[in-house]
Structures are given as C-alpha cells and as structure tokens.
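Source file upload_15.pdb; content: PDB, C-alpha atoms.
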MODEL        1
ATOM      1  CA  MET F   1      13.716   2.444   8.113
ATOM      2  CA  ALA F   2      16.946   0.956   6.776
ATOM      3  CA  LYS F   3      18.116   0.491  10.387
ATOM      4  CA  LEU F   4      14.992  -1.514  11.247
ATOM      5  CA  LEU F   5      15.355  -3.689   8.175
ATOM      6  CA  LYS F   6      18.988  -4.405   9.050
ATOM      7  CA  ARG F   7      18.000  -5.258  12.599
ATOM      8  CA  ASN F   8      15.665  -7.913  11.224
ATOM      9  CA  ASP F   9      18.491  -9.276   9.009
ATOM     10  CA  ALA F  10      16.395  -8.916   5.875
ATOM     11  CA  LYS F  11      18.206 -10.281   2.817
ATOM     12  CA  GLU F  12      15.426 -10.887   0.330
ATOM     13  CA  VAL F  13      12.135  -9.066   0.685
ATOM     14  CA  ASP F  14       8.694  -9.738  -0.708
ATOM     15  CA  SER F  15       7.008  -6.364  -1.036
ATOM     16  CA  VAL F  16       3.248  -5.874  -1.075
ATOM     17  CA  PHE F  17       1.807  -3.004  -3.122
ATOM     18  CA  ASP F  18      -1.662  -1.520  -2.667
ATOM     19  CA  ALA F  19      -3.556   1.770  -2.579
ATOM     20  CA  SER F  20      -6.177   2.948  -0.109
ATOM     21  CA  PHE F  21      -8.815   5.633  -0.438
ATOM     22  CA  ILE F  22      -8.629   8.740   1.779
ATOM     23  CA  LYS F  23     -11.841  10.729   1.965
ATOM     24  CA  ALA F  24     -11.595  14.452   1.163
ATOM     25  CA  TRP F  25     -12.751  17.094   3.636
ATOM     26  CA  SER F  26     -15.024  18.635   1.016
ATOM     27  CA  THR F  27     -18.242  18.209  -0.918
ATOM     28  CA  ARG F  28     -18.410  17.826  -4.676
ATOM     29  CA  ASP F  29     -18.385  20.893  -6.887
ATOM     30  CA  PRO F  30     -21.967  21.373  -8.159
ATOM     31  CA  LEU F  31     -20.576  22.614 -11.485
ATOM     32  CA  ASP F  32     -18.277  19.590 -11.853
ATOM     33  CA  ASN F  33     -19.168  16.641  -9.646
ATOM     34  CA  LYS F  34     -15.880  14.880 -10.439
ATOM     35  CA  LYS F  35     -13.886  17.253  -8.216
ATOM     36  CA  GLY F  36     -14.104  18.928  -4.822
ATOM     37  CA  LEU F  37     -15.732  22.276  -4.087
ATOM     38  CA  SER F  38     -13.532  23.528  -1.209
ATOM     39  CA  ASP F  39     -10.721  21.123  -2.128
ATOM     40  CA  GLY F  40      -9.860  21.598  -5.780
ATOM     41  CA  ASP F  41      -7.247  18.809  -5.772
ATOM     42  CA  ALA F  42      -9.683  16.085  -4.704
ATOM     43  CA  ARG F  43     -11.203  13.870  -7.379
ATOM     44  CA  VAL F  44     -13.862  11.172  -7.531
ATOM     45  CA  GLY F  45     -12.451   7.675  -7.728
ATOM     46  CA  ARG F  46     -12.810   4.132  -6.489
ATOM     47  CA  ALA F  47     -13.413   3.783  -2.751
ATOM     48  CA  GLY F  48     -13.700   0.053  -2.249
ATOM     49  CA  ARG F  49     -16.756  -1.155  -4.134
ATOM     50  CA  THR F  50     -18.199   2.320  -4.540
ATOM     51  CA  PHE F  51     -16.933   5.775  -5.524
ATOM     52  CA  GLY F  52     -15.936   8.697  -3.346
ATOM     53  CA  LEU F  53     -14.325  12.126  -3.420
ATOM     54  CA  GLY F  54     -10.773  12.108  -2.168
ATOM     55  CA  TYR F  55      -7.261  10.842  -2.599
ATOM     56  CA  LYS F  56      -5.293   7.605  -2.629
ATOM     57  CA  LEU F  57      -2.310   6.640  -0.541
ATOM     58  CA  HIS F  58      -0.176   4.237  -2.584
ATOM     59  CA  LEU F  59       1.999   2.114  -0.330
ATOM     60  CA  ALA F  60       4.651  -0.601  -0.552
ATOM     61  CA  ILE F  61       5.447  -2.641   2.562
ATOM     62  CA  ASP F  62       7.771  -5.447   3.599
ATOM     63  CA  SER F  63       5.467  -8.465   3.823
ATOM     64  CA  GLN F  64       7.372  -9.904   6.806
ATOM     65  CA  THR F  65       7.924  -6.892   9.066
ATOM     66  CA  MET F  66       4.896  -4.947   7.739
ATOM     67  CA  LEU F  67       7.095  -1.853   7.622
ATOM     68  CA  PRO F  68       6.297   0.749   4.941
ATOM     69  CA  LEU F  69       9.031   0.946   2.311
ATOM     70  CA  THR F  70       7.786   3.754   0.095
ATOM     71  CA  CYS F  71       4.609   5.639  -0.688
ATOM     72  CA  ALA F  72       2.970   8.007  -3.142
ATOM     73  CA  PHE F  73      -0.039  10.314  -2.931
ATOM     74  CA  ALA F  74      -2.474  11.202  -5.685
ATOM     75  CA  SER F  75      -6.067  12.111  -6.356
ATOM     76  CA  ALA F  76      -8.483   9.187  -6.185
ATOM     77  CA  ASN F  77      -9.071   9.028  -9.949
ATOM     78  CA  GLN F  78      -5.485   7.963 -10.708
ATOM     79  CA  ASN F  79      -5.007   4.255 -11.349
ATOM     80  CA  GLU F  80      -2.512   2.180  -9.364
ATOM     81  CA  LYS F  81      -0.530   1.329 -12.505
ATOM     82  CA  LYS F  82       0.402   4.990 -12.962
ATOM     83  CA  HIS F  83       2.516   4.946  -9.795
ATOM     84  CA  SER F  84       3.668   1.320  -9.678
ATOM     85  CA  LEU F  85       6.978   1.634 -11.570
ATOM     86  CA  ASN F  86       8.072   4.720  -9.631
ATOM     87  CA  MET F  87       7.218   2.979  -6.356
ATOM     88  CA  LEU F  88       9.105  -0.096  -7.500
ATOM     89  CA  GLU F  89      12.308   1.887  -8.106
ATOM     90  CA  LYS F  90      12.024   3.656  -4.739
ATOM     91  CA  THR F  91      11.411   0.312  -3.020
ATOM     92  CA  LYS F  92      14.555  -1.136  -4.585
ATOM     93  CA  GLN F  93      16.560   1.895  -3.436
ATOM     94  CA  ILE F  94      15.474   1.721   0.211
ATOM     95  CA  LEU F  95      16.135  -2.009   0.322
ATOM     96  CA  LYS F  96      19.579  -1.512  -1.201
ATOM     97  CA  GLN F  97      20.395   0.994   1.560
ATOM     98  CA  SER F  98      19.590  -1.692   4.127
ATOM     99  CA  GLY F  99      21.641  -4.362   2.389
ATOM    100  CA  ALA F 100      18.544  -6.221   1.209
ATOM    101  CA  ARG F 101      17.121  -6.874  -2.219
ATOM    102  CA  LEU F 102      13.631  -7.113  -3.631
ATOM    103  CA  ARG F 103      12.655 -10.698  -4.378
ATOM    104  CA  SER F 104       9.054 -10.245  -5.505
ATOM    105  CA  VAL F 105       6.111  -7.870  -5.703
ATOM    106  CA  ILE F 106       2.744  -9.064  -4.414
ATOM    107  CA  ALA F 107      -0.327  -7.081  -5.438
ATOM    108  CA  ASP F 108      -3.908  -7.393  -6.607
ATOM    109  CA  SER F 109      -5.043  -7.405 -10.226
ATOM    110  CA  GLN F 110      -5.103  -3.591 -10.405
ATOM    111  CA  TYR F 111      -1.319  -3.877 -10.777
ATOM    112  CA  SER F 112      -1.456  -6.434 -13.592
ATOM    113  CA  ASP F 113       0.804  -4.696 -16.087
ATOM    114  CA  GLY F 114       3.508  -6.065 -18.364
ATOM    115  CA  LYS F 115       5.964  -3.275 -17.538
ATOM    116  CA  LEU F 116       5.774  -3.991 -13.812
ATOM    117  CA  ARG F 117       6.044  -7.750 -14.319
ATOM    118  CA  ASN F 118       9.165  -7.298 -16.453
ATOM    119  CA  ALA F 119      10.818  -4.868 -14.038
ATOM    120  CA  VAL F 120      11.137  -7.275 -11.099
ATOM    121  CA  ASP F 121      12.462 -10.829 -10.728
ATOM    122  CA  ALA F 122       9.106 -12.259  -9.628
ATOM    123  CA  THR F 123       5.549 -11.000  -9.313
ATOM    124  CA  VAL F 124       2.553 -12.519  -7.557
ATOM    125  CA  ILE F 125      -0.190 -10.572  -9.272
ATOM    126  CA  PRO F 126      -3.432 -12.195 -10.450
ATOM    127  CA  TYR F 127      -4.430 -11.731 -14.062
ATOM    128  CA  PRO F 128      -7.884 -10.141 -14.422
ATOM    129  CA  ALA F 129     -10.493 -11.971 -16.467
ATOM    130  CA  ASN F 130      -9.911  -9.761 -19.536
ATOM    131  CA  GLN F 131      -6.192 -10.630 -19.716
ATOM    132  CA  LYS F 132      -4.946 -13.887 -21.250
ATOM    133  CA  ARG F 133      -8.395 -15.496 -21.132
ATOM    134  CA  ASP F 134      -7.357 -18.770 -22.756
ATOM    135  CA  VAL F 135      -4.109 -19.325 -20.844
ATOM    136  CA  LYS F 136      -4.239 -21.945 -18.099
ATOM    137  CA  GLY F 137      -2.028 -22.122 -15.025
ATOM    138  CA  LEU F 138      -2.190 -18.408 -14.226
ATOM    139  CA  LEU F 139      -3.031 -16.907 -10.844
ATOM    140  CA  ARG F 140      -6.629 -15.707 -10.777
ATOM    141  CA  VAL F 141      -8.864 -14.262  -8.038
ATOM    142  CA  ASP F 142     -12.662 -14.285  -8.335
ATOM    143  CA  LYS F 143     -15.206 -11.798  -6.980
ATOM    144  CA  LYS F 144     -15.356 -13.694  -3.685
ATOM    145  CA  PHE F 145     -11.547 -13.408  -3.352
ATOM    146  CA  ARG F 146     -11.000 -17.116  -3.955
ATOM    147  CA  THR F 147      -7.653 -17.859  -5.593
ATOM    148  CA  TYR F 148      -7.021 -20.234  -8.479
ATOM    149  CA  GLY F 149      -3.756 -21.277 -10.071
ATOM    150  CA  PRO F 150      -0.347 -22.654  -9.061
ATOM    151  CA  GLU F 151      -0.120 -23.536  -5.353
ATOM    152  CA  ASP F 152       3.126 -21.616  -4.802
ATOM    153  CA  GLN F 153       1.558 -18.454  -6.270
ATOM    154  CA  LYS F 154      -1.576 -18.905  -4.160
ATOM    155  CA  ASN F 155       0.506 -19.316  -0.986
ATOM    156  CA  GLU F 156       2.533 -16.196  -1.743
ATOM    157  CA  TYR F 157      -0.610 -14.207  -2.547
ATOM    158  CA  HIS F 158      -1.872 -14.908   0.972
ATOM    159  CA  LYS F 159       0.690 -12.329   2.147
ATOM    160  CA  ARG F 160      -1.256  -9.560   0.416
ATOM    161  CA  PRO F 161      -3.707  -8.966   3.343
ATOM    162  CA  HIS F 162      -0.733  -7.759   5.426
ATOM    163  CA  ILE F 163      -0.957  -4.401   3.704
ATOM    164  CA  GLU F 164      -4.665  -4.183   4.497
ATOM    165  CA  ALA F 165      -3.731  -4.626   8.159
ATOM    166  CA  VAL F 166      -1.235  -1.759   7.842
ATOM    167  CA  TYR F 167      -3.902   0.496   6.344
ATOM    168  CA  SER F 168      -6.241  -0.496   9.166
ATOM    169  CA  PHE F 169      -3.611   0.532  11.761
ATOM    170  CA  LEU F 170      -3.037   3.833   9.973
ATOM    171  CA  LYS F 171      -6.728   4.663   9.827
ATOM    172  CA  THR F 172      -7.915   3.404  13.222
ATOM    173  CA  GLN F 173      -4.841   3.863  15.437
ATOM    174  CA  TYR F 174      -3.009   6.750  13.774
ATOM    175  CA  SER F 175      -5.967   8.929  12.697
ATOM    176  CA  LEU F 176      -5.514   8.716   8.920
ATOM    177  CA  ALA F 177      -9.263   8.200   8.491
ATOM    178  CA  ILE F 178     -10.219  11.457  10.209
ATOM    179  CA  ASN F 179      -7.961  13.975   8.487
ATOM    180  CA  LYS F 180      -9.553  17.412   8.034
ATOM    181  CA  VAL F 181      -7.039  19.062   5.747
ATOM    182  CA  ARG F 182      -7.423  20.093   2.111
ATOM    183  CA  GLY F 183      -5.148  19.854  -0.895
ATOM    184  CA  VAL F 184      -2.940  17.005  -2.010
ATOM    185  CA  ARG F 185       0.180  18.415  -0.288
ATOM    186  CA  ASN F 186      -1.571  18.800   3.058
ATOM    187  CA  VAL F 187      -3.203  15.371   2.814
ATOM    188  CA  ALA F 188       0.198  13.886   1.926
ATOM    189  CA  SER F 189       1.795  15.562   4.960
ATOM    190  CA  TYR F 190      -0.961  14.258   7.226
ATOM    191  CA  ALA F 191      -0.556  10.740   5.853
ATOM    192  CA  LEU F 192       3.231  10.906   6.305
ATOM    193  CA  TYR F 193       2.749  11.775   9.977
ATOM    194  CA  SER F 194       0.549   8.682  10.342
ATOM    195  CA  LEU F 195       3.216   6.551   8.645
ATOM    196  CA  LEU F 196       5.914   8.070  10.852
ATOM    197  CA  CYS F 197       3.937   7.160  13.975
ATOM    198  CA  LEU F 198       3.682   3.576  12.711
ATOM    199  CA  VAL F 199       7.440   3.352  12.136
ATOM    200  CA  LEU F 200       8.354   5.013  15.455
ATOM    201  CA  ASN F 201       6.037   2.644  17.299
ATOM    202  CA  ARG F 202       7.869  -0.279  15.689
ATOM    203  CA  GLU F 203      11.281   1.198  16.549
ATOM    204  CA  ALA F 204      10.282   1.840  20.159
ATOM    205  CA  ALA F 205       9.132  -1.772  20.492
ATOM    206  CA  GLU F 206      12.398  -3.053  18.995
ATOM    207  CA  ASN F 207      14.462  -0.821  21.300
ATOM    208  CA  ILE F 208      12.916  -2.345  24.418
ATOM    209  CA  ARG F 209      12.948  -5.833  22.873
ATOM    210  CA  ARG F 210       9.175  -6.078  22.877
ATOM    211  CA  SER F 211       8.510  -6.782  19.203
ATOM    212  CA  ASP F 212       5.069  -8.056  20.212
ATOM    213  CA  LYS F 213       4.146  -4.404  20.933
ATOM    214  CA  ALA F 214       5.220  -3.165  17.498
ATOM    215  CA  ILE F 215       1.609  -2.499  16.455
ATOM    216  CA  SER F 216       0.267  -1.434  19.857
ATOM    217  CA  PRO F 217       0.368   2.356  20.284
ATOM    218  CA  THR F 218      -1.654   2.121  23.502
ATOM    219  CA  PHE F 219       1.212   0.193  25.162
ATOM    220  CA  PHE F 220       3.411   3.300  25.006
ATOM    221  CA  ASN F 221       0.646   5.616  26.213
ATOM    222  CA  THR F 222       0.216   3.913  29.573
TER     223      THR F 222
ENDMDL
END

Using structure tokens, write down the structure that the file contains.
Amino acid sequence: MAKLLKRNDAKEVDSVFDASFIKAWSTRDPLDNKKGLSDGDARVGRAGRTFGLGYKLHLAIDSQTMLPLTCAFASANQNEKKHSLNMLEKTKQILKQSGARLRSVIADSQYSDGKLRNAVDATVIPYPANQKRDVKGLLRVDKKFRTYGPEDQKNEYHKRPHIEAVYSFLKTQYSLAINKVRGVRNVASYALYSLLCLVLNREAAENIRRSDKAISPTFFNT
C-alpha cells in the first residue's frame, strides 16, 4: 500500500471514512432477535435506511487514488464513532510510512464528533440537525443529500461518494456481498481478501502502466 501511495507521489491526503453493512449468514435468534441464531457474533444494526442482521466494515480510503488505507470490523450495532479515532491513528501511520500526511477527514454526519474533529487538522463532516442548531455557516446535508454551507466545504464533501464506489467494487466485483461465513473473525478474513483483491488489481494495473484498468478485474481475467 505504501509503495502504491509513493508511486502516486502523494504528499497530502484527504481520507474518506465510512462504514458499510455486511449481511450475516444467519437468521435471528428467536429468543433474542437482536442477535444471530447460527452466528452468535452478528447483531442487528443499521443497513442503509432499514435494519439488518450482520456486521459493518469500517473503511478509510485515499480520496484521490481510492486505495483503502485502514479498516475495522465490528457487529452492525456498533456506531461509527466508536472506531473513528482508532482508524484515524492507523490512517496517519500508513500515510507516514509512505512519506505522506493526512490533510483532512471527509465523512458523513455519523462521524460528527468533537474528539475526531480535534484530532485532525481539518474535517469535512456535516453537523446533524441536533448539533449546533443556531450556528450559521456550518456544513449541513439534508435528507435528500443536498449540501448547505461554505462552498469550499461543499466542494470537498463531494469526494465522499468515492468510498461508496469502493464499497460497490468490493461487493459486486470482489464477492463481499455474498460471503457465507459466520463469526466476526471469519467475516473479517473474508472482507480482507476482498480488499486485497482490490489492492492487487490496482498494483497490477500500475505495473503495466494501465492505470485506467485499476478498477477492472475482468481485464486481467481475459
């Protein structure tokens, strides 16, 4: 990873944080519908606009290269804030190894936390409606994903969908959406294999100087 970042001459990096739901290979326990029956580690949590039984992959990526920088795995009922500071420190470490530094963290309002904001030079994180209600000039995002606030913050926030594209690649091209393993350790291992495939695909494309094929696994299968 550090080698790829060096190859792209990254000096200052804007990192995007987000978490994505991974469905458990289990039904709910009839005696406790908040956890799994055949997968005791799985928990019920947010899955988009609904709820589901499973896990969350917490990921930080480089907004420019779309390379994963660090990740964490947890049951679906754990909030993003619980893992954000640990991910931040790991992100800083991997960037330091590549000779780069973290410039800012871009994330949605689930990461709106004073500790995270104070731990990095700059954050592009919208304030939810229940935080600082009467303060003007703050970045806000409504239910239709329309942004309000300073233009520079709005422009930076437009980098956030890059991580959604990464999750889409992982789930549709690298089989993360169809895992059939149980337990947080096994799900984490499966997800790491998907992430490894993503990184190796990028490295293969860079090695043959075809960066346009960095997100095309089918190119290397033909």

When you draw a straight line from CA of Gly149 in chain F to CA of Lys92 in chain F, how long is it in Å?
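CA of Gly149 in chain F sits 27.8 Å away from CA of Lys92 in chain F.
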
Produce a table with one row for each residue of range 77-191 of chain F that has an atom at most 10 Å from any atom of range 8-23 of chain F, each row naming the nearest atom pair and its distance in Å at one decimal; use all atoms listed in the file; arrange rows by chain and rising residue number; format as JSON lines.
{"residue": "F:Asn79", "atom": "CA", "partner": "F:Ala19", "partner_atom": "CA", "distance": 9.2}
{"residue": "F:Glu80", "atom": "CA", "partner": "F:Ala19", "partner_atom": "CA", "distance": 6.9}
{"residue": "F:His83", "atom": "CA", "partner": "F:Ala19", "partner_atom": "CA", "distance": 10.0}
{"residue": "F:Ser84", "atom": "CA", "partner": "F:Phe17", "partner_atom": "CA", "distance": 8.1}
{"residue": "F:Met87", "atom": "CA", "partner": "F:Phe17", "partner_atom": "CA", "distance": 8.7}
{"residue": "F:Leu88", "atom": "CA", "partner": "F:Phe17", "partner_atom": "CA", "distance": 9.0}
{"residue": "F:Thr91", "atom": "CA", "partner": "F:Ser15", "partner_atom": "CA", "distance": 8.2}
{"residue": "F:Lys92", "atom": "CA", "partner": "F:Val13", "partner_atom": "CA", "distance": 9.8}
{"residue": "F:Leu95", "atom": "CA", "partner": "F:Val13", "partner_atom": "CA", "distance": 8.1}
{"residue": "F:Lys96", "atom": "CA", "partner": "F:Lys11", "partner_atom": "CA", "distance": 9.7}
{"residue": "F:Ser98", "atom": "CA", "partner": "F:Ala10", "partner_atom": "CA", "distance": 8.1}
{"residue": "F:Gly99", "atom": "CA", "partner": "F:Lys11", "partner_atom": "CA", "distance": 6.9}
{"residue": "F:Ala100", "atom": "CA", "partner": "F:Lys11", "partner_atom": "CA", "distance": 4.4}
{"residue": "F:Arg101", "atom": "CA", "partner": "F:Glu12", "partner_atom": "CA", "distance": 5.0}
{"residue": "F:Leu102", "atom": "CA", "partner": "F:Val13", "partner_atom": "CA", "distance": 5.0}
{"residue": "F:Arg103", "atom": "CA", "partner": "F:Val13", "partner_atom": "CA", "distance": 5.3}
{"residue": "F:Ser104", "atom": "CA", "partner": "F:Asp14", "partner_atom": "CA", "distance": 4.8}
{"residue": "F:Val105", "atom": "CA", "partner": "F:Ser15", "partner_atom": "CA", "distance": 5.0}
{"residue": "F:Ile106", "atom": "CA", "partner": "F:Val16", "partner_atom": "CA", "distance": 4.6}
{"residue": "F:Ala107", "atom": "CA", "partner": "F:Phe17", "partner_atom": "CA", "distance": 5.2}
{"residue": "F:Asp108", "atom": "CA", "partner": "F:Asp18", "partner_atom": "CA", "distance": 7.4}
{"residue": "F:Gln110", "atom": "CA", "partner": "F:Asp18", "partner_atom": "CA", "distance": 8.7}
{"residue": "F:Tyr111", "atom": "CA", "partner": "F:Phe17", "partner_atom": "CA", "distance": 8.3}
{"residue": "F:Ala122", "atom": "CA", "partner": "F:Asp14", "partner_atom": "CA", "distance": 9.3}
{"residue": "F:Thr123", "atom": "CA", "partner": "F:Asp14", "partner_atom": "CA", "distance": 9.2}
{"residue": "F:Val124", "atom": "CA", "partner": "F:Val16", "partner_atom": "CA", "distance": 9.3}
{"residue": "F:Ile125", "atom": "CA", "partner": "F:Phe17", "partner_atom": "CA", "distance": 10.0}
{"residue": "F:Glu156", "atom": "CA", "partner": "F:Asp14", "partner_atom": "CA", "distance": 9.0}
{"residue": "F:Tyr157", "atom": "CA", "partner": "F:Val16", "partner_atom": "CA", "distance": 9.3}
{"residue": "F:Lys159", "atom": "CA", "partner": "F:Val16", "partner_atom": "CA", "distance": 7.7}
{"residue": "F:Arg160", "atom": "CA", "partner": "F:Val16", "partner_atom": "CA", "distance": 6.0}
{"residue": "F:Pro161", "atom": "CA", "partner": "F:Val16", "partner_atom": "CA", "distance": 8.8}
{"residue": "F:His162", "atom": "CA", "partner": "F:Val16", "partner_atom": "CA", "distance": 7.9}
{"residue": "F:Ile163", "atom": "CA", "partner": "F:Val16", "partner_atom": "CA", "distance": 6.5}
{"residue": "F:Glu164", "atom": "CA", "partner": "F:Asp18", "partner_atom": "CA", "distance": 8.2}
{"residue": "F:Tyr167", "atom": "CA", "partner": "F:Ser20", "partner_atom": "CA", "distance": 7.3}
{"residue": "F:Ser168", "atom": "CA", "partner": "F:Ser20", "partner_atom": "CA", "distance": 9.9}
{"residue": "F:Lys171", "atom": "CA", "partner": "F:Ile22", "partner_atom": "CA", "distance": 9.2}
{"residue": "F:Leu176", "atom": "CA", "partner": "F:Ile22", "partner_atom": "CA", "distance": 7.8}
{"residue": "F:Ala177", "atom": "CA", "partner": "F:Ile22", "partner_atom": "CA", "distance": 6.8}
{"residue": "F:Ile178", "atom": "CA", "partner": "F:Lys23", "partner_atom": "CA", "distance": 8.4}
{"residue": "F:Asn179", "atom": "CA", "partner": "F:Lys23", "partner_atom": "CA", "distance": 8.3}
{"residue": "F:Lys180", "atom": "CA", "partner": "F:Lys23", "partner_atom": "CA", "distance": 9.3}
{"residue": "F:Val187", "atom": "CA", "partner": "F:Ile22", "partner_atom": "CA", "distance": 8.6}
{"residue": "F:Ala191", "atom": "CA", "partner": "F:Ile22", "partner_atom": "CA", "distance": 9.3}

Give as an MDAnalysis selection string the residues that the PyMOL selection byres ((chain F and resi 41) around 12) matches when applied to the coordinates above.
chainID F and resid 24:26 28:29 34:40 42:44 53:56 73:77 181:188

Same residues, C-alpha atoms, output as an mmCIF file, in the frame of the given file:
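Saved result, result-v4.cif, follows:
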data_model
loop_
_atom_site.group_PDB
_atom_site.id
_atom_site.type_symbol
_atom_site.label_atom_id
_atom_site.label_comp_id
_atom_site.auth_asym_id
_atom_site.auth_seq_id
_atom_site.Cartn_x
_atom_site.Cartn_y
_atom_site.Cartn_z
ATOM 1 C CA ALA F 24 -11.595 14.452 1.163
ATOM 2 C CA TRP F 25 -12.751 17.094 3.636
ATOM 3 C CA SER F 26 -15.024 18.635 1.016
ATOM 4 C CA ARG F 28 -18.410 17.826 -4.676
ATOM 5 C CA ASP F 29 -18.385 20.893 -6.887
ATOM 6 C CA LYS F 34 -15.880 14.880 -10.439
ATOM 7 C CA LYS F 35 -13.886 17.253 -8.216
ATOM 8 C CA GLY F 36 -14.104 18.928 -4.822
ATOM 9 C CA LEU F 37 -15.732 22.276 -4.087
ATOM 10 C CA SER F 38 -13.532 23.528 -1.209
ATOM 11 C CA ASP F 39 -10.721 21.123 -2.128
ATOM 12 C CA GLY F 40 -9.860 21.598 -5.780
ATOM 13 C CA ALA F 42 -9.683 16.085 -4.704
ATOM 14 C CA ARG F 43 -11.203 13.870 -7.379
ATOM 15 C CA VAL F 44 -13.862 11.172 -7.531
ATOM 16 C CA LEU F 53 -14.325 12.126 -3.420
ATOM 17 C CA GLY F 54 -10.773 12.108 -2.168
ATOM 18 C CA TYR F 55 -7.261 10.842 -2.599
ATOM 19 C CA LYS F 56 -5.293 7.605 -2.629
ATOM 20 C CA PHE F 73 -0.039 10.314 -2.931
ATOM 21 C CA ALA F 74 -2.474 11.202 -5.685
ATOM 22 C CA SER F 75 -6.067 12.111 -6.356
ATOM 23 C CA ALA F 76 -8.483 9.187 -6.185
ATOM 24 C CA ASN F 77 -9.071 9.028 -9.949
ATOM 25 C CA VAL F 181 -7.039 19.062 5.747
ATOM 26 C CA ARG F 182 -7.423 20.093 2.111
ATOM 27 C CA GLY F 183 -5.148 19.854 -0.895
ATOM 28 C CA VAL F 184 -2.940 17.005 -2.010
ATOM 29 C CA ARG F 185 0.180 18.415 -0.288
ATOM 30 C CA ASN F 186 -1.571 18.800 3.058
ATOM 31 C CA VAL F 187 -3.203 15.371 2.814
ATOM 32 C CA ALA F 188 0.198 13.886 1.926
#

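Here CA of Val199 in chain F stands at a distance of 14.6 Å from CA of Thr218 in chain F.
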
When you draw a straight line from CA of Asp62 in chain F to CA of Ala204 in chain F, how long is it in Å?
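Separation of CA of Asp62 in chain F and CA of Ala204 in chain F: 18.3 Å.
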
For range 134-148 of chain F, work out the shell of residues within 10 Å, counting all atoms listed in the file and skipping chain neighbours fewer than 4 positions away, then give it as a list in words.
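That gives Asp108, Ser109, Val124, Ile125, Pro126, Tyr127, Pro128, Ala129, Asn130, Asp152, Gln153, Lys154, Asn155, Tyr157 and His158 of chain F.
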
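In this comparison, which uses only C-alpha atoms, the residue of F:Arg209, F:Asn33, F:Gly114, F:Ile215 approaching Phe51 in chain F most closely is F:Asn33.
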
Will you model N, CA and C atoms for range 12-23 of chain F and pass it back as a CSV table (one decimal), in the coordinates of the input?
chain,number,residue,atom,x,y,z
F,12,GLU,N,16.3,-11.0,1.5
F,12,GLU,CA,15.4,-10.9,0.3
F,12,GLU,C,14.0,-10.5,0.8
F,13,VAL,N,13.4,-9.6,0.2
F,13,VAL,CA,12.1,-9.1,0.7
F,13,VAL,C,11.0,-9.2,-0.4
F,14,ASP,N,9.9,-9.7,0.1
F,14,ASP,CA,8.7,-9.7,-0.7
F,14,ASP,C,7.9,-8.5,-0.3
F,15,SER,N,7.7,-7.6,-1.3
F,15,SER,CA,7.0,-6.4,-1.0
F,15,SER,C,5.6,-6.4,-1.5
F,16,VAL,N,4.7,-5.9,-0.7
F,16,VAL,CA,3.2,-5.9,-1.1
F,16,VAL,C,2.9,-4.4,-1.5
F,17,PHE,N,2.3,-4.3,-2.6
F,17,PHE,CA,1.8,-3.0,-3.1
F,17,PHE,C,0.3,-2.9,-3.0
F,18,ASP,N,-0.2,-1.7,-2.6
F,18,ASP,CA,-1.7,-1.5,-2.7
F,18,ASP,C,-1.9,0.0,-2.5
F,19,ALA,N,-3.1,0.4,-2.8
F,19,ALA,CA,-3.6,1.8,-2.6
F,19,ALA,C,-4.8,1.8,-1.7
F,20,SER,N,-5.0,2.8,-1.0
F,20,SER,CA,-6.2,2.9,-0.1
F,20,SER,C,-6.8,4.3,-0.2
F,21,PHE,N,-8.1,4.4,-0.3
F,21,PHE,CA,-8.8,5.6,-0.4
F,21,PHE,C,-8.8,6.5,0.8
F,22,ILE,N,-8.6,7.8,0.7
F,22,ILE,CA,-8.6,8.7,1.8
F,22,ILE,C,-9.7,9.8,1.4
F,23,LYS,N,-10.7,9.8,2.2
F,23,LYS,CA,-11.8,10.7,2.0
F,23,LYS,C,-11.4,12.2,2.1
